[in-house]
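Shown below: model25.cif, with mmCIF, N, CA and C atoms, pLDDT in the B column; chains and numbers go by the auth columns.
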data_model
#
loop_
_atom_site.group_PDB
_atom_site.id
_atom_site.type_symbol
_atom_site.label_atom_id
_atom_site.label_comp_id
_atom_site.label_asym_id
_atom_site.label_seq_id
_atom_site.Cartn_x
_atom_site.Cartn_y
_atom_site.Cartn_z
_atom_site.B_iso_or_equiv
_atom_site.auth_seq_id
_atom_site.auth_asym_id
ATOM 1 N N MET A 1 150.601 160.070 -51.011 95.00 1 A
ATOM 2 C CA MET A 1 149.945 158.842 -50.637 95.00 1 A
ATOM 3 C C MET A 1 149.984 158.714 -49.110 95.00 1 A
ATOM 4 N N LYS A 2 148.862 158.314 -48.532 97.00 2 A
ATOM 5 C CA LYS A 2 148.770 158.100 -47.082 97.00 2 A
ATOM 6 C C LYS A 2 149.198 156.678 -46.730 97.00 2 A
ATOM 7 N N THR A 3 149.707 156.536 -45.510 97.00 3 A
ATOM 8 C CA THR A 3 150.107 155.221 -45.014 97.00 3 A
ATOM 9 C C THR A 3 149.823 155.124 -43.529 97.00 3 A
ATOM 10 N N THR A 4 149.682 153.889 -43.067 97.00 4 A
ATOM 11 C CA THR A 4 149.607 153.594 -41.642 97.00 4 A
ATOM 12 C C THR A 4 150.745 152.642 -41.336 97.00 4 A
ATOM 13 N N ILE A 5 151.566 153.010 -40.368 98.00 5 A
ATOM 14 C CA ILE A 5 152.731 152.207 -39.999 98.00 5 A
ATOM 15 C C ILE A 5 152.613 151.846 -38.528 98.00 5 A
ATOM 16 N N GLU A 6 152.742 150.567 -38.241 97.00 6 A
ATOM 17 C CA GLU A 6 152.774 150.104 -36.853 97.00 6 A
ATOM 18 C C GLU A 6 154.221 149.777 -36.522 97.00 6 A
ATOM 19 N N ILE A 7 154.706 150.294 -35.395 98.00 7 A
ATOM 20 C CA ILE A 7 156.092 150.058 -35.005 98.00 7 A
ATOM 21 C C ILE A 7 156.155 149.667 -33.534 98.00 7 A
ATOM 22 N N SER A 8 156.994 148.694 -33.254 98.00 8 A
ATOM 23 C CA SER A 8 157.275 148.273 -31.880 98.00 8 A
ATOM 24 C C SER A 8 158.767 148.368 -31.658 98.00 8 A
ATOM 25 N N MET A 9 159.149 148.900 -30.517 98.00 9 A
ATOM 26 C CA MET A 9 160.563 149.032 -30.153 98.00 9 A
ATOM 27 C C MET A 9 160.859 148.095 -28.992 98.00 9 A
ATOM 28 N N TYR A 10 161.960 147.366 -29.110 97.00 10 A
ATOM 29 C CA TYR A 10 162.383 146.445 -28.057 97.00 10 A
ATOM 30 C C TYR A 10 163.809 146.793 -27.634 97.00 10 A
ATOM 31 N N PRO A 11 163.949 147.727 -26.673 97.00 11 A
ATOM 32 C CA PRO A 11 165.282 148.081 -26.194 97.00 11 A
ATOM 33 C C PRO A 11 165.913 146.902 -25.455 97.00 11 A
ATOM 34 N N LEU A 12 167.180 146.684 -25.698 97.00 12 A
ATOM 35 C CA LEU A 12 167.911 145.588 -25.053 97.00 12 A
ATOM 36 C C LEU A 12 168.710 146.145 -23.884 97.00 12 A
ATOM 37 N N CYS A 13 167.978 146.710 -22.919 95.00 13 A
ATOM 38 C CA CYS A 13 168.614 147.320 -21.757 95.00 13 A
ATOM 39 C C CYS A 13 167.613 147.330 -20.601 95.00 13 A
ATOM 40 N N GLU A 14 168.117 147.565 -19.401 95.00 14 A
ATOM 41 C CA GLU A 14 167.256 147.534 -18.222 95.00 14 A
ATOM 42 C C GLU A 14 166.324 148.733 -18.120 95.00 14 A
ATOM 43 N N ASP A 15 166.738 149.883 -18.639 95.00 15 A
ATOM 44 C CA ASP A 15 165.882 151.072 -18.572 95.00 15 A
ATOM 45 C C ASP A 15 165.027 151.199 -19.842 95.00 15 A
ATOM 46 N N TYR A 16 164.441 150.081 -20.244 95.00 16 A
ATOM 47 C CA TYR A 16 163.707 150.014 -21.515 95.00 16 A
ATOM 48 C C TYR A 16 162.537 150.994 -21.574 95.00 16 A
ATOM 49 N N GLU A 17 161.839 151.221 -20.451 96.00 17 A
ATOM 50 C CA GLU A 17 160.706 152.145 -20.475 96.00 17 A
ATOM 51 C C GLU A 17 161.152 153.554 -20.829 96.00 17 A
ATOM 52 N N LYS A 18 162.243 153.985 -20.233 97.00 18 A
ATOM 53 C CA LYS A 18 162.805 155.310 -20.510 97.00 18 A
ATOM 54 C C LYS A 18 163.159 155.428 -21.988 97.00 18 A
ATOM 55 N N GLN A 19 163.755 154.394 -22.539 97.00 19 A
ATOM 56 C CA GLN A 19 164.178 154.430 -23.942 97.00 19 A
ATOM 57 C C GLN A 19 162.982 154.473 -24.890 97.00 19 A
ATOM 58 N N ILE A 20 161.935 153.737 -24.576 97.00 20 A
ATOM 59 C CA ILE A 20 160.728 153.759 -25.411 97.00 20 A
ATOM 60 C C ILE A 20 160.079 155.141 -25.359 97.00 20 A
ATOM 61 N N LEU A 21 159.981 155.724 -24.171 97.00 21 A
ATOM 62 C CA LEU A 21 159.401 157.058 -24.046 97.00 21 A
ATOM 63 C C LEU A 21 160.218 158.100 -24.806 97.00 21 A
ATOM 64 N N GLN A 22 161.532 157.952 -24.795 98.00 22 A
ATOM 65 C CA GLN A 22 162.389 158.873 -25.547 98.00 22 A
ATOM 66 C C GLN A 22 162.118 158.741 -27.050 98.00 22 A
ATOM 67 N N PHE A 23 162.019 157.506 -27.533 98.00 23 A
ATOM 68 C CA PHE A 23 161.717 157.260 -28.938 98.00 23 A
ATOM 69 C C PHE A 23 160.368 157.879 -29.325 98.00 23 A
ATOM 70 N N LEU A 24 159.356 157.688 -28.484 97.00 24 A
ATOM 71 C CA LEU A 24 158.046 158.270 -28.745 97.00 24 A
ATOM 72 C C LEU A 24 158.113 159.799 -28.765 97.00 24 A
ATOM 73 N N GLY A 25 158.949 160.359 -27.918 97.00 25 A
ATOM 74 C CA GLY A 25 159.149 161.812 -27.917 97.00 25 A
ATOM 75 C C GLY A 25 159.694 162.306 -29.242 97.00 25 A
ATOM 76 N N TYR A 26 160.622 161.553 -29.821 98.00 26 A
ATOM 77 C CA TYR A 26 161.157 161.920 -31.135 98.00 26 A
ATOM 78 C C TYR A 26 160.046 161.929 -32.179 98.00 26 A
ATOM 79 N N LEU A 27 159.205 160.911 -32.159 97.00 27 A
ATOM 80 C CA LEU A 27 158.111 160.847 -33.132 97.00 27 A
ATOM 81 C C LEU A 27 157.147 162.024 -32.950 97.00 27 A
ATOM 82 N N HIS A 28 156.881 162.386 -31.709 97.00 28 A
ATOM 83 C CA HIS A 28 155.925 163.459 -31.432 97.00 28 A
ATOM 84 C C HIS A 28 156.454 164.834 -31.841 97.00 28 A
ATOM 85 N N GLU A 29 157.715 164.948 -32.175 97.00 29 A
ATOM 86 C CA GLU A 29 158.268 166.212 -32.651 97.00 29 A
ATOM 87 C C GLU A 29 157.779 166.541 -34.062 97.00 29 A
ATOM 88 N N VAL A 30 157.242 165.560 -34.766 96.00 30 A
ATOM 89 C CA VAL A 30 156.750 165.759 -36.137 96.00 30 A
ATOM 90 C C VAL A 30 155.244 166.044 -36.069 96.00 30 A
ATOM 91 N N ASP A 31 154.854 167.270 -36.409 94.00 31 A
ATOM 92 C CA ASP A 31 153.461 167.691 -36.271 94.00 31 A
ATOM 93 C C ASP A 31 152.525 167.097 -37.314 94.00 31 A
ATOM 94 N N GLN A 32 153.027 166.760 -38.483 96.00 32 A
ATOM 95 C CA GLN A 32 152.151 166.385 -39.588 96.00 32 A
ATOM 96 C C GLN A 32 151.780 164.901 -39.614 96.00 32 A
ATOM 97 N N ILE A 33 152.097 164.147 -38.567 97.00 33 A
ATOM 98 C CA ILE A 33 151.714 162.739 -38.515 97.00 33 A
ATOM 99 C C ILE A 33 150.815 162.515 -37.296 97.00 33 A
ATOM 100 N N GLU A 34 149.947 161.533 -37.410 95.00 34 A
ATOM 101 C CA GLU A 34 149.079 161.143 -36.304 95.00 34 A
ATOM 102 C C GLU A 34 149.717 159.941 -35.612 95.00 34 A
ATOM 103 N N ILE A 35 149.776 159.984 -34.297 96.00 35 A
ATOM 104 C CA ILE A 35 150.424 158.920 -33.530 96.00 35 A
ATOM 105 C C ILE A 35 149.448 158.411 -32.478 96.00 35 A
ATOM 106 N N LYS A 36 149.310 157.094 -32.412 95.00 36 A
ATOM 107 C CA LYS A 36 148.492 156.470 -31.360 95.00 36 A
ATOM 108 C C LYS A 36 149.346 155.394 -30.698 95.00 36 A
ATOM 109 N N VAL A 37 149.476 155.501 -29.398 95.00 37 A
ATOM 110 C CA VAL A 37 150.305 154.571 -28.625 95.00 37 A
ATOM 111 C C VAL A 37 149.395 153.649 -27.828 95.00 37 A
ATOM 112 N N ASN A 38 149.734 152.365 -27.831 92.00 38 A
ATOM 113 C CA ASN A 38 149.044 151.431 -26.945 92.00 38 A
ATOM 114 C C ASN A 38 150.096 150.570 -26.250 92.00 38 A
ATOM 115 N N ALA A 39 149.681 149.590 -25.508 91.00 39 A
ATOM 116 C CA ALA A 39 150.607 148.795 -24.703 91.00 39 A
ATOM 117 C C ALA A 39 151.558 147.932 -25.530 91.00 39 A
ATOM 118 N N MET A 40 151.189 147.619 -26.768 92.00 40 A
ATOM 119 C CA MET A 40 151.990 146.694 -27.573 92.00 40 A
ATOM 120 C C MET A 40 152.761 147.353 -28.705 92.00 40 A
ATOM 121 N N SER A 41 152.281 148.509 -29.190 96.00 41 A
ATOM 122 C CA SER A 41 152.927 149.128 -30.346 96.00 41 A
ATOM 123 C C SER A 41 152.467 150.568 -30.484 96.00 41 A
ATOM 124 N N THR A 42 152.977 151.206 -31.521 97.00 42 A
ATOM 125 C CA THR A 42 152.603 152.572 -31.860 97.00 42 A
ATOM 126 C C THR A 42 152.190 152.604 -33.316 97.00 42 A
ATOM 127 N N GLN A 43 151.087 153.296 -33.614 97.00 43 A
ATOM 128 C CA GLN A 43 150.662 153.465 -34.992 97.00 43 A
ATOM 129 C C GLN A 43 150.947 154.900 -35.413 97.00 43 A
ATOM 130 N N VAL A 44 151.519 155.025 -36.601 97.00 44 A
ATOM 131 C CA VAL A 44 151.834 156.327 -37.186 97.00 44 A
ATOM 132 C C VAL A 44 151.063 156.423 -38.497 97.00 44 A
ATOM 133 N N VAL A 45 150.286 157.492 -38.654 97.00 45 A
ATOM 134 C CA VAL A 45 149.490 157.691 -39.858 97.00 45 A
ATOM 135 C C VAL A 45 149.858 159.036 -40.467 97.00 45 A
ATOM 136 N N GLY A 46 150.021 159.040 -41.781 97.00 46 A
ATOM 137 C CA GLY A 46 150.306 160.299 -42.456 97.00 46 A
ATOM 138 C C GLY A 46 150.812 160.063 -43.859 97.00 46 A
ATOM 139 N N ASP A 47 151.354 161.128 -44.428 97.00 47 A
ATOM 140 C CA ASP A 47 151.967 161.026 -45.740 97.00 47 A
ATOM 141 C C ASP A 47 153.072 159.975 -45.709 97.00 47 A
ATOM 142 N N PHE A 48 153.114 159.135 -46.725 98.00 48 A
ATOM 143 C CA PHE A 48 154.049 158.007 -46.776 98.00 48 A
ATOM 144 C C PHE A 48 155.491 158.443 -46.507 98.00 48 A
ATOM 145 N N ASP A 49 155.972 159.415 -47.271 98.00 49 A
ATOM 146 C CA ASP A 49 157.368 159.842 -47.127 98.00 49 A
ATOM 147 C C ASP A 49 157.631 160.485 -45.775 98.00 49 A
ATOM 148 N N LEU A 50 156.706 161.317 -45.317 98.00 50 A
ATOM 149 C CA LEU A 50 156.879 161.993 -44.034 98.00 50 A
ATOM 150 C C LEU A 50 156.880 160.998 -42.879 98.00 50 A
ATOM 151 N N ALA A 51 155.957 160.039 -42.909 98.00 51 A
ATOM 152 C CA ALA A 51 155.883 159.046 -41.840 98.00 51 A
ATOM 153 C C ALA A 51 157.153 158.200 -41.783 98.00 51 A
ATOM 154 N N PHE A 52 157.627 157.738 -42.953 97.00 52 A
ATOM 155 C CA PHE A 52 158.853 156.939 -42.972 97.00 52 A
ATOM 156 C C PHE A 52 160.062 157.761 -42.551 97.00 52 A
ATOM 157 N N ASP A 53 160.124 159.016 -42.988 98.00 53 A
ATOM 158 C CA ASP A 53 161.234 159.882 -42.574 98.00 53 A
ATOM 159 C C ASP A 53 161.237 160.079 -41.064 98.00 53 A
ATOM 160 N N ALA A 54 160.045 160.283 -40.484 98.00 54 A
ATOM 161 C CA ALA A 54 159.957 160.483 -39.035 98.00 54 A
ATOM 162 C C ALA A 54 160.435 159.245 -38.290 98.00 54 A
ATOM 163 N N ILE A 55 160.018 158.080 -38.755 98.00 55 A
ATOM 164 C CA ILE A 55 160.435 156.832 -38.111 98.00 55 A
ATOM 165 C C ILE A 55 161.926 156.604 -38.291 98.00 55 A
ATOM 166 N N GLN A 56 162.423 156.808 -39.513 98.00 56 A
ATOM 167 C CA GLN A 56 163.852 156.602 -39.775 98.00 56 A
ATOM 168 C C GLN A 56 164.715 157.534 -38.921 98.00 56 A
ATOM 169 N N CYS A 57 164.352 158.793 -38.868 98.00 57 A
ATOM 170 C CA CYS A 57 165.127 159.745 -38.064 98.00 57 A
ATOM 171 C C CYS A 57 165.068 159.414 -36.576 98.00 57 A
ATOM 172 N N SER A 58 163.910 158.972 -36.106 98.00 58 A
ATOM 173 C CA SER A 58 163.763 158.621 -34.694 98.00 58 A
ATOM 174 C C SER A 58 164.592 157.396 -34.340 98.00 58 A
ATOM 175 N N ILE A 59 164.587 156.391 -35.201 98.00 59 A
ATOM 176 C CA ILE A 59 165.417 155.203 -34.976 98.00 59 A
ATOM 177 C C ILE A 59 166.893 155.587 -34.983 98.00 59 A
ATOM 178 N N LYS A 60 167.273 156.425 -35.916 98.00 60 A
ATOM 179 C CA LYS A 60 168.675 156.852 -36.001 98.00 60 A
ATOM 180 C C LYS A 60 169.102 157.562 -34.721 98.00 60 A
ATOM 181 N N ARG A 61 168.235 158.412 -34.180 98.00 61 A
ATOM 182 C CA ARG A 61 168.565 159.111 -32.939 98.00 61 A
ATOM 183 C C ARG A 61 168.733 158.137 -31.784 98.00 61 A
ATOM 184 N N VAL A 62 167.893 157.101 -31.738 98.00 62 A
ATOM 185 C CA VAL A 62 168.042 156.069 -30.703 98.00 62 A
ATOM 186 C C VAL A 62 169.426 155.446 -30.789 98.00 62 A
ATOM 187 N N TYR A 63 169.815 155.046 -31.990 98.00 63 A
ATOM 188 C CA TYR A 63 171.111 154.394 -32.176 98.00 63 A
ATOM 189 C C TYR A 63 172.272 155.355 -31.917 98.00 63 A
ATOM 190 N N GLU A 64 172.114 156.610 -32.301 98.00 64 A
ATOM 191 C CA GLU A 64 173.172 157.603 -32.043 98.00 64 A
ATOM 192 C C GLU A 64 173.375 157.827 -30.552 98.00 64 A
ATOM 193 N N ASN A 65 172.323 157.578 -29.757 96.00 65 A
ATOM 194 C CA ASN A 65 172.434 157.698 -28.299 96.00 65 A
ATOM 195 C C ASN A 65 173.026 156.444 -27.660 96.00 65 A
ATOM 196 N N GLY A 66 173.424 155.484 -28.486 97.00 66 A
ATOM 197 C CA GLY A 66 174.074 154.288 -27.983 97.00 66 A
ATOM 198 C C GLY A 66 173.142 153.216 -27.462 97.00 66 A
ATOM 199 N N VAL A 67 171.856 153.343 -27.756 97.00 67 A
ATOM 200 C CA VAL A 67 170.884 152.371 -27.273 97.00 67 A
ATOM 201 C C VAL A 67 170.805 151.201 -28.250 97.00 67 A
ATOM 202 N N LYS A 68 170.920 150.002 -27.724 97.00 68 A
ATOM 203 C CA LYS A 68 170.709 148.793 -28.530 97.00 68 A
ATOM 204 C C LYS A 68 169.227 148.478 -28.483 97.00 68 A
ATOM 205 N N ALA A 69 168.610 148.380 -29.649 98.00 69 A
ATOM 206 C CA ALA A 69 167.175 148.109 -29.704 98.00 69 A
ATOM 207 C C ALA A 69 166.833 147.454 -31.027 98.00 69 A
ATOM 208 N N SER A 70 165.807 146.637 -30.964 98.00 70 A
ATOM 209 C CA SER A 70 165.256 146.014 -32.161 98.00 70 A
ATOM 210 C C SER A 70 163.914 146.684 -32.443 98.00 70 A
ATOM 211 N N PHE A 71 163.605 146.900 -33.726 98.00 71 A
ATOM 212 C CA PHE A 71 162.344 147.510 -34.132 98.00 71 A
ATOM 213 C C PHE A 71 161.610 146.563 -35.072 98.00 71 A
ATOM 214 N N VAL A 72 160.300 146.449 -34.886 98.00 72 A
ATOM 215 C CA VAL A 72 159.448 145.659 -35.778 98.00 72 A
ATOM 216 C C VAL A 72 158.449 146.632 -36.393 98.00 72 A
ATOM 217 N N VAL A 73 158.366 146.614 -37.734 98.00 73 A
ATOM 218 C CA VAL A 73 157.538 147.577 -38.448 98.00 73 A
ATOM 219 C C VAL A 73 156.576 146.851 -39.389 98.00 73 A
ATOM 220 N N LYS A 74 155.314 147.294 -39.383 97.00 74 A
ATOM 221 C CA LYS A 74 154.303 146.820 -40.331 97.00 74 A
ATOM 222 C C LYS A 74 153.788 148.036 -41.085 97.00 74 A
ATOM 223 N N VAL A 75 153.574 147.885 -42.392 98.00 75 A
ATOM 224 C CA VAL A 75 153.170 149.011 -43.227 98.00 75 A
ATOM 225 C C VAL A 75 151.898 148.667 -43.984 98.00 75 A
ATOM 226 N N LEU A 76 150.965 149.609 -43.983 96.00 76 A
ATOM 227 C CA LEU A 76 149.709 149.457 -44.706 96.00 76 A
ATOM 228 C C LEU A 76 149.499 150.690 -45.573 96.00 76 A
ATOM 229 N N GLU A 77 149.139 150.480 -46.824 96.00 77 A
ATOM 230 C CA GLU A 77 148.816 151.616 -47.681 96.00 77 A
ATOM 231 C C GLU A 77 147.485 152.201 -47.229 96.00 77 A
ATOM 232 N N GLY A 78 147.428 153.501 -47.157 95.00 78 A
ATOM 233 C CA GLY A 78 146.199 154.187 -46.790 95.00 78 A
ATOM 234 C C GLY A 78 146.127 154.498 -45.312 95.00 78 A
ATOM 235 N N LYS A 79 145.111 155.288 -44.970 93.00 79 A
ATOM 236 C CA LYS A 79 144.909 155.704 -43.586 93.00 79 A
ATOM 237 C C LYS A 79 143.976 154.719 -42.898 93.00 79 A
ATOM 238 N N LEU A 80 144.469 154.067 -41.881 87.00 80 A
ATOM 239 C CA LEU A 80 143.665 153.159 -41.077 87.00 80 A
ATOM 240 C C LEU A 80 142.963 153.967 -39.992 87.00 80 A
ATOM 241 N N ASP A 81 141.714 153.659 -39.733 84.00 81 A
ATOM 242 C CA ASP A 81 140.963 154.330 -38.686 84.00 81 A
ATOM 243 C C ASP A 81 141.477 153.863 -37.326 84.00 81 A
ATOM 244 N N LEU A 82 142.260 154.685 -36.660 79.00 82 A
ATOM 245 C CA LEU A 82 142.853 154.295 -35.386 79.00 82 A
ATOM 246 C C LEU A 82 141.840 154.315 -34.247 79.00 82 A
ATOM 247 N N GLY A 83 140.662 154.857 -34.480 78.00 83 A
ATOM 248 C CA GLY A 83 139.624 154.880 -33.466 78.00 83 A
ATOM 249 C C GLY A 83 138.673 153.705 -33.557 78.00 83 A
ATOM 250 N N TYR A 84 138.943 152.791 -34.495 73.00 84 A
ATOM 251 C CA TYR A 84 138.053 151.645 -34.705 73.00 84 A
ATOM 252 C C TYR A 84 138.009 150.765 -33.456 73.00 84 A
ATOM 253 N N LYS A 85 136.814 150.325 -33.101 73.00 85 A
ATOM 254 C CA LYS A 85 136.636 149.371 -32.001 73.00 85 A
ATOM 255 C C LYS A 85 135.786 148.230 -32.508 73.00 85 A
ATOM 256 N N TYR A 86 136.169 147.048 -32.151 75.00 86 A
ATOM 257 C CA TYR A 86 135.419 145.856 -32.552 75.00 86 A
ATOM 258 C C TYR A 86 133.979 145.977 -32.071 75.00 86 A
ATOM 259 N N GLY A 87 133.054 145.697 -32.943 74.00 87 A
ATOM 260 C CA GLY A 87 131.647 145.749 -32.575 74.00 87 A
ATOM 261 C C GLY A 87 131.001 147.088 -32.848 74.00 87 A
ATOM 262 N N ASN A 88 131.731 148.041 -33.439 55.00 88 A
ATOM 263 C CA ASN A 88 131.141 149.359 -33.779 55.00 88 A
ATOM 264 C C ASN A 88 130.062 149.209 -34.804 55.00 88 A
#
Entire entry expressed as structure tokens:
Amino acid sequence: MKTTIEISMYPLCEDYEKQILQFLGYLHEVDQIEIKVNAMSTQVVGDFDLAFDAIQCSIKRVYENGVKASFVVKVLEGKLDLGYKYGN
């Protein structure tokens, strides 16, 4: 089953940009998911189990590195067209 997951990371530290980029790097290590980053969040599209595993492992790595961060996740069944633009 395909899924689209939107995730936002809110590091509770001064070097928050570095921490977000590191988290995104973890996600990009998984080849079988599609990732689109924008200014407010990241969308992950792919197989349900693979996408959740990638997110779970990436969050775990953040915490194992001692980073305090809050994550907000939204889940949609199916593949959302990440190239959609209003007015198409």
Discussion item. Could you tell me how far atom N of A:Ala51 sits from atom N of A:Glu64, in Å to one decimal place?
Written reply: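 Atom N of A:Ala51 lies at a distance of 19.6 Å from atom N of A:Glu64.
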Worksheet item: What lies within 8 Å of stretch 72-74 of chain A using only C-alpha atoms, ignoring chain neighbours under 4 positions off, as a PyMOL selection string?
Response: chain A and resi 5-9
Fill in: Hits of the PyMOL selection byres ((chain A and resi 45) around 5) in this structure, as a list in words
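In the shown coordinates, the PyMOL selection byres ((chain A and resi 45) around 5) covers Thr3, Thr4, Ile5, Ile33, Glu34, Gln43, Val44, Gly46 and Asp47 of chain A.
Comparing A:Met40, A:Val30, A:Val75, A:Ile35 by their smallest distance to A:Ala54, the closest is A:Val30 (using all atoms listed in the file).
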Discussion item. Going by DSSP on the backbone, which residues of chain A come out as strand (DSSP E or B)? List them as a ChimeraX atom specification.
Written reply: /A:2-11,34-37,42-47,69-77
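Here atom CA of A:Lys68 stands at a distance of 11.3 Å from atom C of A:Glu14.
Among the candidates A:Leu80, A:Asp53, A:Phe48, A:Ser41, the one nearest to A:Met1 when counting only N, CA and C atoms is A:Phe48.
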Worksheet item: What's the 12 Å shell around A:Cys57, counting only C-alpha atoms, without same-chain residues fewer than 2 positions away, as a PyMOL selection string?
Response: chain A and resi 23-30+49-55+59-64
Practice prompt. Evaluate the PyMOL selection byres ((chain A and resi 69) around 5) here and jot the selected residues down as JSON, numbers by chain.
Written response: {"A": [10, 11, 12, 67, 68, 70, 71]}
Using the selection just defined, write its residues with N, CA and C atoms as a short mmCIF file (atom, residue, chain, number, x, y, z; two decimals), keeping the file's coordinate frame.
data_model
loop_
_atom_site.label_atom_id
_atom_site.label_comp_id
_atom_site.auth_asym_id
_atom_site.auth_seq_id
_atom_site.Cartn_x
_atom_site.Cartn_y
_atom_site.Cartn_z
N TYR A 10 161.96 147.37 -29.11
CA TYR A 10 162.38 146.44 -28.06
C TYR A 10 163.81 146.79 -27.63
N PRO A 11 163.95 147.73 -26.67
CA PRO A 11 165.28 148.08 -26.19
C PRO A 11 165.91 146.90 -25.46
N LEU A 12 167.18 146.68 -25.70
CA LEU A 12 167.91 145.59 -25.05
C LEU A 12 168.71 146.15 -23.88
N VAL A 67 171.86 153.34 -27.76
CA VAL A 67 170.88 152.37 -27.27
C VAL A 67 170.80 151.20 -28.25
N LYS A 68 170.92 150.00 -27.72
CA LYS A 68 170.71 148.79 -28.53
C LYS A 68 169.23 148.48 -28.48
N SER A 70 165.81 146.64 -30.96
CA SER A 70 165.26 146.01 -32.16
C SER A 70 163.91 146.68 -32.44
N PHE A 71 163.60 146.90 -33.73
CA PHE A 71 162.34 147.51 -34.13
C PHE A 71 161.61 146.56 -35.07
#
Practice prompt. Would you work out the distance separating atom CA of A:Tyr86 from atom CA of A:Lys2, expressed in Å to one decimal?
Written response: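 Going from atom CA of A:Tyr86 over to atom CA of A:Lys2 covers 23.2 Å.
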Fill in: DSSP-assigned alpha helix (DSSP H) members of chain A, reported as a PyMOL selection string
chain A and resi 16-28+48-64
Got a sec to write stretch 5-19 of chain A of the block to a file, N, CA and C atoms, as a PDB file, in the first residue's frame?
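To be explicit, this is the file written out as selection_15.pdb:
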ATOM      1  N   ILE A   5       3.309  10.873   3.595  1.00  0.00           N
ATOM      2  CA  ILE A   5       3.493  11.313   4.976  1.00  0.00           C
ATOM      3  C   ILE A   5       4.136  12.690   4.956  1.00  0.00           C
ATOM      4  N   GLU A   6       3.528  13.614   5.671  1.00  0.00           N
ATOM      5  CA  GLU A   6       4.113  14.947   5.835  1.00  0.00           C
ATOM      6  C   GLU A   6       4.702  15.008   7.236  1.00  0.00           C
ATOM      7  N   ILE A   7       5.952  15.453   7.337  1.00  0.00           N
ATOM      8  CA  ILE A   7       6.613  15.524   8.636  1.00  0.00           C
ATOM      9  C   ILE A   7       7.310  16.871   8.787  1.00  0.00           C
ATOM     10  N   SER A   8       7.192  17.426   9.973  1.00  0.00           N
ATOM     11  CA  SER A   8       7.898  18.657  10.336  1.00  0.00           C
ATOM     12  C   SER A   8       8.714  18.379  11.577  1.00  0.00           C
ATOM     13  N   MET A   9       9.940  18.854  11.580  1.00  0.00           N
ATOM     14  CA  MET A   9      10.839  18.685  12.726  1.00  0.00           C
ATOM     15  C   MET A   9      11.077  20.045  13.365  1.00  0.00           C
ATOM     16  N   TYR A  10      10.976  20.082  14.687  1.00  0.00           N
ATOM     17  CA  TYR A  10      11.208  21.315  15.436  1.00  0.00           C
ATOM     18  C   TYR A  10      12.291  21.065  16.485  1.00  0.00           C
ATOM     19  N   PRO A  11      13.569  21.233  16.093  1.00  0.00           N
ATOM     20  CA  PRO A  11      14.652  21.047  17.053  1.00  0.00           C
ATOM     21  C   PRO A  11      14.603  22.131  18.129  1.00  0.00           C
ATOM     22  N   LEU A  12      14.828  21.734  19.355  1.00  0.00           N
ATOM     23  CA  LEU A  12      14.814  22.671  20.483  1.00  0.00           C
ATOM     24  C   LEU A  12      16.247  23.042  20.837  1.00  0.00           C
ATOM     25  N   CYS A  13      16.927  23.656  19.864  1.00  0.00           N
ATOM     26  CA  CYS A  13      18.322  24.035  20.049  1.00  0.00           C
ATOM     27  C   CYS A  13      18.646  25.188  19.098  1.00  0.00           C
ATOM     28  N   GLU A  14      19.765  25.848  19.348  1.00  0.00           N
ATOM     29  CA  GLU A  14      20.134  27.005  18.537  1.00  0.00           C
ATOM     30  C   GLU A  14      20.604  26.640  17.137  1.00  0.00           C
ATOM     31  N   ASP A  15      21.203  25.466  16.972  1.00  0.00           N
ATOM     32  CA  ASP A  15      21.676  25.059  15.645  1.00  0.00           C
ATOM     33  C   ASP A  15      20.606  24.230  14.918  1.00  0.00           C
ATOM     34  N   TYR A  16      19.376  24.718  14.974  1.00  0.00           N
ATOM     35  CA  TYR A  16      18.228  23.968  14.446  1.00  0.00           C
ATOM     36  C   TYR A  16      18.354  23.667  12.955  1.00  0.00           C
ATOM     37  N   GLU A  17      18.925  24.590  12.165  1.00  0.00           N
ATOM     38  CA  GLU A  17      19.051  24.338  10.730  1.00  0.00           C
ATOM     39  C   GLU A  17      19.938  23.134  10.458  1.00  0.00           C
ATOM     40  N   LYS A  18      21.047  23.058  11.163  1.00  0.00           N
ATOM     41  CA  LYS A  18      21.975  21.932  11.028  1.00  0.00           C
ATOM     42  C   LYS A  18      21.266  20.628  11.373  1.00  0.00           C
ATOM     43  N   GLN A  19      20.483  20.640  12.429  1.00  0.00           N
ATOM     44  CA  GLN A  19      19.795  19.422  12.869  1.00  0.00           C
ATOM     45  C   GLN A  19      18.734  18.980  11.865  1.00  0.00           C
TER      46      GLN A  19
END
